[in-house]
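K.L.:
Structure file coords-v7.cif, mmCIF, C-alpha atoms and all ligand atoms, is pasted below:
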```cif
data_entry
#
loop_
_atom_site.label_atom_id
_atom_site.label_comp_id
_atom_site.auth_asym_id
_atom_site.auth_seq_id
_atom_site.Cartn_x
_atom_site.Cartn_y
_atom_site.Cartn_z
CA MET A 1 53.76 37.94 10.62
CA PRO A 2 53.62 34.56 8.84
CA ALA A 3 52.88 34.40 5.10
CA GLU A 4 49.33 33.37 4.26
CA PHE A 5 47.83 31.62 1.26
CA LYS A 6 44.32 30.57 0.42
CA VAL A 7 43.18 27.10 -0.58
CA PRO A 8 39.65 26.15 -1.54
CA LEU A 9 37.70 24.24 1.06
CA ASN A 10 35.45 21.57 -0.33
CA GLY A 11 32.07 20.71 1.14
CA ASN A 12 33.50 18.21 3.58
CA GLY A 13 36.61 20.13 4.45
CA ASN A 14 37.26 20.76 8.08
CA GLY A 15 39.24 23.01 10.22
CA LEU A 16 42.72 23.64 8.79
CA ASN A 17 41.84 27.30 8.79
CA GLY A 18 44.52 29.48 10.31
CA ILE A 19 46.91 26.60 10.84
CA GLU A 20 50.59 27.28 10.32
CA VAL A 21 51.83 24.50 8.01
CA SER A 22 55.57 25.12 7.83
CA HIS A 23 58.15 27.86 7.96
CA GLY A 24 55.62 30.47 8.93
CA LEU A 25 53.24 29.67 6.02
CA LYS A 26 49.67 29.89 7.14
CA VAL A 27 46.71 28.25 5.36
CA LEU A 28 43.61 30.38 5.07
CA GLN A 29 40.84 28.26 3.64
CA GLU A 30 38.47 30.04 1.34
CA LYS A 31 34.98 28.64 1.74
CA LYS A 32 33.90 27.15 -1.58
CA LYS A 33 30.20 27.05 -2.31
CA LEU A 34 28.66 23.63 -1.77
CA THR A 35 27.96 21.66 -4.95
CA MET A 36 25.93 18.57 -5.81
CA ALA A 37 29.21 16.71 -6.37
CA ASP A 38 30.26 17.44 -2.77
CA LEU A 39 27.11 15.71 -1.55
CA THR A 40 27.26 12.71 -3.87
CA PRO A 41 29.05 9.55 -2.69
CA LYS A 42 30.13 6.65 -4.89
CA GLU A 43 27.24 4.41 -3.79
CA LEU A 44 24.26 4.47 -6.12
CA PRO A 45 20.66 3.79 -5.08
CA THR A 46 19.17 0.47 -6.18
CA TRP A 47 15.58 1.73 -6.33
CA CYS A 48 13.32 0.50 -9.16
CA GLY A 49 13.21 2.49 -12.39
CA GLY A 50 10.62 5.27 -12.15
CA CYS A 51 10.73 5.34 -8.34
CA GLY A 52 10.01 8.83 -6.99
CA ASP A 53 12.72 8.38 -4.35
CA PHE A 54 15.37 9.31 -6.94
CA ASN A 55 13.84 12.76 -7.33
CA ILE A 56 13.40 13.27 -3.61
CA LEU A 57 17.06 12.37 -3.06
CA PHE A 58 18.12 14.78 -5.81
CA THR A 59 15.91 17.50 -4.35
CA ILE A 60 17.20 17.12 -0.78
CA LYS A 61 20.75 17.57 -2.12
CA ASN A 62 19.63 20.48 -4.28
CA ALA A 63 18.02 22.20 -1.29
CA LEU A 64 21.25 21.77 0.72
CA VAL A 65 23.20 23.28 -2.18
CA GLU A 66 20.77 26.19 -2.40
CA LEU A 67 21.23 26.84 1.33
CA ASP A 68 25.00 26.38 0.99
CA ALA A 69 24.68 24.04 3.96
CA ASP A 70 27.64 22.65 5.83
CA PRO A 71 27.63 18.84 5.34
CA ALA A 72 29.70 18.49 8.52
CA ASN A 73 26.88 20.18 10.41
CA THR A 74 24.04 18.24 8.80
CA LEU A 75 22.59 14.91 9.92
CA LEU A 76 20.12 12.80 7.97
CA VAL A 77 18.22 10.27 10.06
CA SER A 78 15.92 7.64 8.60
CA GLY A 79 14.05 4.49 9.57
CA ILE A 80 13.62 1.34 7.49
CA GLY A 81 12.05 1.27 4.05
CA CYS A 82 13.00 1.79 0.41
CA GLY A 83 13.23 5.56 0.83
CA SER A 84 14.91 5.25 4.21
CA LYS A 85 18.09 4.27 2.38
CA THR A 86 18.45 7.96 1.48
CA PRO A 87 21.12 8.84 4.10
CA HIS A 88 23.46 6.36 2.37
CA PHE A 89 23.39 8.52 -0.75
CA VAL A 90 24.04 11.97 0.72
CA LYS A 91 27.53 12.92 1.90
CA THR A 92 26.50 14.43 5.21
CA TYR A 93 26.34 12.60 8.51
CA GLY A 94 23.68 9.89 8.39
CA PHE A 95 21.95 7.36 10.58
CA GLU A 96 19.62 4.62 9.35
CA GLY A 97 17.66 3.61 12.42
CA LEU A 98 14.96 1.08 13.21
CA HIS A 99 11.58 0.98 11.52
CA GLY A 100 9.48 3.80 12.99
CA ARG A 101 12.17 4.93 15.41
CA SER A 102 13.92 7.69 13.50
CA LEU A 103 12.37 10.48 15.59
CA PRO A 104 13.78 9.36 18.96
CA VAL A 105 17.21 9.14 17.32
CA ALA A 106 16.82 12.57 15.73
CA THR A 107 15.62 14.05 19.02
CA GLY A 108 18.64 12.64 20.85
CA ALA A 109 21.02 13.97 18.23
CA LYS A 110 19.41 17.41 18.36
CA PHE A 111 19.67 17.53 22.15
CA ALA A 112 23.30 16.41 22.08
CA ASN A 113 24.13 19.11 19.52
CA HIS A 114 21.37 21.65 19.10
CA LYS A 115 23.42 23.54 16.49
CA LEU A 116 23.17 20.57 14.11
CA ASP A 117 20.69 20.68 11.21
CA VAL A 118 18.76 17.45 11.64
CA ILE A 119 16.72 16.17 8.72
CA VAL A 120 14.51 13.10 9.16
CA VAL A 121 13.59 11.05 6.08
CA THR A 122 10.98 8.33 6.45
CA GLY A 123 8.40 6.45 4.43
CA ASP A 124 4.67 6.76 5.07
CA GLY A 125 4.56 3.38 6.81
CA ASP A 126 7.52 4.31 8.95
CA GLY A 127 6.45 7.87 9.75
CA TYR A 128 2.65 7.61 9.96
CA GLY A 129 2.24 3.95 10.96
CA ILE A 130 4.74 2.33 13.28
CA GLY A 131 6.33 5.69 14.11
CA GLY A 132 3.02 7.54 14.41
CA ASN A 133 3.15 7.96 18.17
CA HIS A 134 6.64 9.49 18.04
CA LEU A 135 5.42 11.76 15.27
CA ILE A 136 2.52 13.34 17.14
CA HIS A 137 4.60 14.04 20.25
CA SER A 138 7.56 15.39 18.28
CA MET A 139 5.26 17.79 16.45
CA ARG A 140 3.48 18.80 19.66
CA ARG A 141 6.87 19.70 21.17
CA ASN A 142 7.81 21.76 18.12
CA LEU A 143 11.27 20.20 18.03
CA ASP A 144 13.53 21.90 15.55
CA LEU A 145 13.56 19.05 13.01
CA THR A 146 12.81 18.83 9.30
CA HIS A 147 10.81 15.70 8.57
CA ILE A 148 10.46 14.65 4.93
CA VAL A 149 8.01 11.79 4.37
CA GLN A 150 8.27 9.81 1.14
CA ASN A 151 4.57 9.12 0.88
CA ASN A 152 4.03 6.43 -1.77
CA GLU A 153 0.86 5.21 -0.04
CA VAL A 154 2.25 1.68 0.22
CA TYR A 155 4.87 -0.42 2.01
CA GLY A 156 7.47 -0.59 -0.75
CA LEU A 157 10.32 -2.49 0.84
CA THR A 158 8.19 -5.36 2.15
CA LYS A 159 6.51 -5.89 -1.22
CA GLY A 160 3.43 -3.79 -1.48
CA GLN A 161 1.19 -4.16 1.57
CA TYR A 162 -1.24 -1.28 2.12
CA SER A 163 0.02 1.56 4.32
CA PRO A 164 -1.64 4.15 6.61
CA THR A 165 -2.08 6.49 3.64
CA SER A 166 -3.41 3.96 1.11
CA PRO A 167 -6.82 5.04 -0.17
CA PRO A 168 -9.93 3.01 0.73
CA GLY A 169 -10.33 0.12 -1.69
CA PHE A 170 -6.56 -0.18 -2.26
CA LYS A 171 -5.87 -3.83 -3.14
CA SER A 172 -2.64 -5.29 -1.83
CA PRO A 173 -1.29 -8.62 -0.50
CA SER A 174 -2.57 -7.66 2.97
CA THR A 175 -5.89 -6.21 1.71
CA PRO A 176 -6.90 -8.52 -1.15
CA GLN A 177 -10.49 -7.24 -1.00
CA GLY A 178 -9.35 -3.61 -0.78
CA ALA A 179 -8.46 -1.42 2.24
CA ILE A 180 -11.43 -0.74 4.50
CA GLU A 181 -10.32 2.12 6.75
CA GLU A 182 -9.89 5.84 6.15
CA PRO A 183 -6.27 6.89 5.53
CA VAL A 184 -4.20 9.18 7.74
CA ASN A 185 -4.34 12.80 6.58
CA PRO A 186 -0.73 13.87 7.29
CA VAL A 187 -1.27 17.56 6.59
CA ALA A 188 -4.31 17.86 8.87
CA LEU A 189 -2.45 15.82 11.50
CA GLY A 190 0.56 18.15 11.29
CA ILE A 191 -1.54 21.29 11.64
CA THR A 192 -3.58 19.99 14.58
CA MET A 193 -0.66 18.35 16.40
CA GLY A 194 1.46 21.49 16.55
CA ALA A 195 3.94 21.29 13.66
CA THR A 196 4.82 24.88 12.82
CA TYR A 197 5.69 24.30 9.14
CA VAL A 198 3.39 21.95 7.25
CA ALA A 199 3.83 21.33 3.55
CA ARG A 200 3.11 18.79 0.86
CA GLY A 201 5.20 18.38 -2.26
CA TYR A 202 5.41 16.04 -5.19
CA ALA A 203 8.50 14.11 -6.27
CA TYR A 204 8.10 15.14 -9.91
CA GLU A 205 7.81 18.88 -9.12
CA VAL A 206 11.44 19.19 -8.15
CA ASN A 207 11.83 22.98 -8.08
CA HIS A 208 8.64 23.41 -6.10
CA LEU A 209 9.74 20.63 -3.72
CA LYS A 210 13.20 22.18 -3.37
CA GLN A 211 11.65 25.42 -2.09
CA LEU A 212 9.50 23.51 0.40
CA ILE A 213 12.47 21.52 1.71
CA ALA A 214 14.81 24.52 1.88
CA GLY A 215 12.07 26.47 3.69
CA GLY A 216 11.63 23.58 6.14
CA ILE A 217 15.35 23.41 6.89
CA LYS A 218 15.50 27.17 7.50
CA HIS A 219 12.39 27.08 9.70
CA LYS A 220 13.00 27.01 13.46
CA GLY A 221 10.59 24.34 14.66
CA TYR A 222 8.98 21.14 13.44
CA ALA A 223 8.70 21.08 9.66
CA LEU A 224 6.58 18.25 8.28
CA ILE A 225 6.94 17.90 4.53
CA ASP A 226 4.77 15.14 3.12
CA VAL A 227 5.92 14.23 -0.38
CA PHE A 228 3.79 12.33 -2.87
CA GLN A 229 6.15 9.72 -4.27
CA PRO A 230 5.10 7.37 -7.05
CA CYS A 231 6.06 3.74 -6.33
CA SER A 232 6.26 2.37 -9.84
CA THR A 233 6.28 -1.25 -8.66
CA TYR A 234 3.54 -1.54 -6.03
CA ASN A 235 1.24 1.44 -6.34
CA LYS A 236 -0.54 1.24 -9.66
CA VAL A 237 -3.21 3.73 -8.52
CA ASN A 238 -1.23 6.87 -7.65
CA THR A 239 0.92 6.96 -10.77
CA ILE A 240 2.66 9.89 -12.44
CA ALA A 241 -0.33 10.21 -14.79
CA TRP A 242 -2.72 10.20 -11.80
CA TYR A 243 -0.79 12.95 -10.02
CA LYS A 244 -0.63 15.01 -13.20
CA GLU A 245 -4.39 15.06 -13.26
CA HIS A 246 -5.03 15.56 -9.56
CA LEU A 247 -2.55 18.11 -8.18
CA TYR A 248 -2.71 21.89 -8.00
CA LYS A 249 -0.42 24.41 -6.29
CA LEU A 250 -1.60 26.34 -3.24
CA GLU A 251 0.38 29.44 -4.10
CA GLU A 252 -1.41 29.66 -7.44
CA ALA A 253 -4.73 29.51 -5.59
CA GLY A 254 -3.97 32.50 -3.33
CA HIS A 255 -3.57 30.44 -0.16
CA ASP A 256 -2.32 32.25 2.97
CA PRO A 257 -0.11 29.90 5.05
CA LYS A 258 -0.50 32.11 8.13
CA ASP A 259 -4.23 31.35 8.27
CA LYS A 260 -4.66 28.14 10.28
CA MET A 261 -8.36 27.65 9.51
CA GLN A 262 -7.75 28.16 5.80
CA ALA A 263 -4.85 25.70 6.02
CA MET A 264 -7.14 23.11 7.64
CA ALA A 265 -9.79 23.62 4.99
CA ARG A 266 -7.16 23.03 2.27
CA ALA A 267 -5.83 20.00 4.14
CA MET A 268 -9.30 18.44 4.15
CA GLU A 269 -9.66 18.77 0.38
CA GLY A 270 -9.76 15.45 -1.40
CA GLY A 271 -11.37 13.82 -4.35
CA ASP A 272 -10.61 15.26 -7.72
CA LYS A 273 -8.03 17.90 -6.79
CA LEU A 274 -5.32 17.79 -4.12
CA PRO A 275 -3.23 20.81 -3.15
CA ILE A 276 0.56 20.83 -2.86
CA GLY A 277 2.62 23.66 -1.36
CA LEU A 278 3.03 25.32 2.02
CA PHE A 279 -0.21 24.87 3.98
CA TYR A 280 0.77 26.37 7.31
CA LYS A 281 3.65 28.25 8.90
CA GLU A 282 3.89 29.76 12.35
CA GLU A 283 6.75 31.18 14.44
CA LYS A 284 6.72 29.66 17.91
CA PRO A 285 9.42 28.80 20.48
CA THR A 286 10.97 25.39 19.95
CA TYR A 287 11.17 22.73 22.64
CA GLU A 288 14.95 23.19 22.73
CA ALA A 289 14.52 26.89 23.49
CA GLY A 290 12.77 25.90 26.71
CA LEU A 291 15.73 23.84 27.92
CA PRO A 292 18.24 26.08 29.75
CA GLN A 293 20.91 23.37 29.24
CA LEU A 294 20.73 24.07 25.50
CA ASN A 295 21.10 27.82 25.68
CA GLY A 296 24.80 27.95 24.96
CA VAL A 297 27.48 25.52 23.90
CA PRO A 298 26.05 22.21 22.61
CA LEU A 299 26.20 19.42 25.19
CA SER A 300 28.48 17.39 22.90
CA LYS A 301 31.06 20.20 22.86
CA MET A 302 31.17 20.79 26.60
CA ASP A 303 34.33 20.06 28.53
CA ILE A 304 33.56 17.13 30.80
CA SER A 305 37.12 16.41 31.87
CA ASN A 306 36.56 17.99 35.29
CA ILE A 307 33.25 16.33 36.01
CA ASP A 308 33.41 13.62 38.62
CA ILE A 309 30.43 11.26 38.56
CA THR A 310 31.69 9.07 41.43
CA PRO A 311 29.27 10.59 43.99
CA MET A 312 26.36 9.89 41.67
CA LEU A 313 27.47 6.29 41.14
CA GLU A 314 27.78 5.81 44.91
CA ARG A 315 23.99 5.94 45.12
CA PHE A 316 23.71 2.73 43.10
CA LYS A 317 26.03 0.68 45.28
C1 LIG B 401 9.63 -3.36 13.89
C2 LIG B 401 9.55 -3.70 12.45
N1 LIG B 401 8.37 -4.07 11.92
C3 LIG B 401 8.28 -4.35 10.60
C4 LIG B 401 9.39 -4.30 9.82
C5 LIG B 401 9.28 -4.66 8.37
N2 LIG B 401 9.26 -3.48 7.52
C6 LIG B 401 10.41 -2.97 7.02
S1 LIG B 401 10.13 -1.66 6.00
C7 LIG B 401 8.45 -1.79 6.25
C8 LIG B 401 7.48 -0.86 5.56
C9 LIG B 401 8.12 0.22 4.81
O1 LIG B 401 7.15 1.06 4.29
P1 LIG B 401 7.36 2.61 4.24
O2 LIG B 401 7.78 3.13 5.54
O3 LIG B 401 6.15 3.22 3.63
O4 LIG B 401 8.63 2.78 3.28
P2 LIG B 401 8.80 2.46 1.71
O5 LIG B 401 9.44 1.12 1.63
O6 LIG B 401 7.46 2.49 1.10
O7 LIG B 401 9.71 3.55 1.24
C10 LIG B 401 8.14 -2.82 7.11
C11 LIG B 401 6.76 -3.19 7.52
C12 LIG B 401 10.61 -3.92 10.40
N3 LIG B 401 11.74 -3.78 9.68
N4 LIG B 401 10.67 -3.62 11.72
S1 LIG B 402 9.32 -0.80 -4.45
FE1 LIG B 402 8.45 1.23 -4.89
S2 LIG B 402 9.31 2.60 -3.34
FE2 LIG B 402 10.56 0.72 -3.38
S3 LIG B 402 12.25 1.19 -4.81
FE3 LIG B 402 10.63 0.18 -5.98
S4 LIG B 402 9.41 1.86 -6.81
FE4 LIG B 402 10.62 2.71 -5.14
MG MG B 403 5.80 3.75 1.70
#
```
Any chance you could put this one into structure tokens?
P.N.:
Amino acid sequence: MPAEFKVPLNGNGNGLNGIEVSHGLKVLQEKKKLTMADLTPKELPTWCGGCGDFNILFTIKNALVELDADPANTLLVSGIGCGSKTPHFVKTYGFEGLHGRSLPVATGAKFANHKLDVIVVTGDGDGYGIGGNHLIHSMRRNLDLTHIVQNNEVYGLTKGQYSPTSPPGFKSPSTPQGAIEEPVNPVALGITMGATYVARGYAYEVNHLKQLIAGGIKHKGYALIDVFQPCSTYNKVNTIAWYKEHLYKLEEAGHDPKDKMQAMARAMEGGDKLPIGLFYKEEKPTYEAGLPQLNGVPLSKMDISNIDITPMLERFK
């Protein structure tokens, strides 16, 4: 029997386990708990001072650490926007897509490897505006994705135009007289469109937000986590001081997330006080569970060396 010794495996380590290195010495890697350092690359965000995206980034990493996630089995997908730079700053797999098109990418990745933890990070403009159609159908399918929306109620990257969640009256370069229409209510949308985990957090309540994100990652099904995110440069209405005055926690108000009607009633609350926390949670089969092709080995891991597609190509001649 070869000699064995243990070496620590860092967060990004992969597969030396059990390999015989020389003269009968075998490496047994001891799994080391994931740390923040494992998830932190050299690149630093260039967000403005006071931007809530810093805290959301920190909290996503913190939630992955709490879950002792495997970075090699985690994919962050984003769109375009200030907050959509997030995948650059987390040492997992990452994909920064097109504006509003993160969900088709995430869906494709999940189908190719349904064992992968896929986390989608988008802005409010990206997720609720240009990507809104993808959003409602992804939620309706109950795809097993965790979608974190950095909701600063403004288009940050393109210099402060109003967004689908800007409040009526919001003055911006594209609404100089103030926004006219009613904003999207992401929580109510999530509950009615079939998301099975619907939450709202706040960037400056990091422990609370960490629990919501970790819960969303663990949840089997579509988790929509809307996150209030102060934009210190372009949103002078929804500031840290404003949120301090206007937020309360659902769990402190005795809310039952299994009760859909109660969740809707909370989602419709507005005005002086806005709830944060887990609004709604339901166990339901995912879309992937209904695809027999995804019942076993992920498609990306299947042996295709013996598959001959020539007959199929013949049809196109
Ligand atoms: C198809 C397309 N339309 C418009 C744009 C320009 N654009 C880039 S980011 C953005 C808005 C970003 O706002 P949001 O998603 O809220 O992210 P934030 O910058 O606030 O984090 C827009 C309109 C684009 N890149 N692609
Ligand atoms: S413009 Fe707003 S959202 Fe963008 S980095 Fe600055 S503070 Fe953050
Ligand atoms: Mg935004």
K.L.:
Neighbours of Pro298 (chain A) within 10 Å (only C-alpha atoms; same-chain residues fewer than 2 positions away dropped), as a JSON list (two decimals) with C-alpha atoms, in the coordinates of the input?
P.N.:
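Here's the written file part-v6.json:
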```json
[["chain", "number", "residue", "atom", "x", "y", "z"],
["A", 110, "LYS", "CA", 19.41, 17.41, 18.36],
["A", 111, "PHE", "CA", 19.67, 17.53, 22.15],
["A", 112, "ALA", "CA", 23.30, 16.41, 22.08],
["A", 113, "ASN", "CA", 24.13, 19.11, 19.52],
["A", 114, "HIS", "CA", 21.37, 21.65, 19.10],
["A", 115, "LYS", "CA", 23.42, 23.54, 16.49],
["A", 116, "LEU", "CA", 23.17, 20.57, 14.11],
["A", 293, "GLN", "CA", 20.91, 23.37, 29.24],
["A", 294, "LEU", "CA", 20.73, 24.07, 25.50],
["A", 295, "ASN", "CA", 21.10, 27.82, 25.68],
["A", 296, "GLY", "CA", 24.80, 27.95, 24.96],
["A", 300, "SER", "CA", 28.48, 17.39, 22.90],
["A", 301, "LYS", "CA", 31.06, 20.20, 22.86],
["A", 302, "MET", "CA", 31.17, 20.79, 26.60]]
```
K.L.:
Which residues, written as number ranges by chain, have at least one atom at most 6 Å from region 162-178 of chain A, with all atoms listed in the file counted and residues fewer than 5 positions away on the same chain left out?
P.N.:
A: 125, 129, 153-155, 183-184
K.L.:
Would you list the contacts of Ile213 (chain A) as a list in words, taking every protein, DNA or RNA residue within 10 Å and counting all atoms listed in the file, but skipping same-chain residues closer than 5 positions in sequence?
P.N.:
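Counting only the stated atoms, we get Ile56, Thr59, Ile60, Lys61, Asn62, Ala63, Leu64, Ile119, Thr146, His147, Ile148, Ala199, Arg200, Gly201, Asn207, His208, Lys218, His219, Ala223, Leu224 and Ile225 of chain A.
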K.L.:
Given all atoms listed in the file as the basis, pick out the residue of A:Thr86, A:Thr158, A:Thr286, A:Thr233 nearest to Ala195 (chain A).
P.N.:
A:Thr286
K.L.:
With only C-alpha atoms and all ligand atoms counted, collect every polymer residue having an atom within 10 Å of ligand LIG 401 (chain B); state the result as a PyMOL selection string.
P.N.:
chain A and resi 47+51-53+78-86+97-101+121-131+149-166+229-231+234-235
K.L.:
Grab the CA of Pro71 (chain A) to CA of His88 (chain A) distance for me, in Å with one decimal place.
P.N.:
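That distance, rounded to one decimal, is 13.5 Å.
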K.L.:
Name the closest residue to ligand LIG 402 (chain B) among the candidates A:Phe228, A:Tyr287, A:Phe95, A:Phe58; distances are taken between atoms, counting only C-alpha atoms and all ligand atoms.
P.N.:
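Of A:Phe228, A:Tyr287, A:Phe95, A:Phe58, the one nearest ligand LIG 402 (chain B) is A:Phe228, counting only C-alpha atoms and all ligand atoms.
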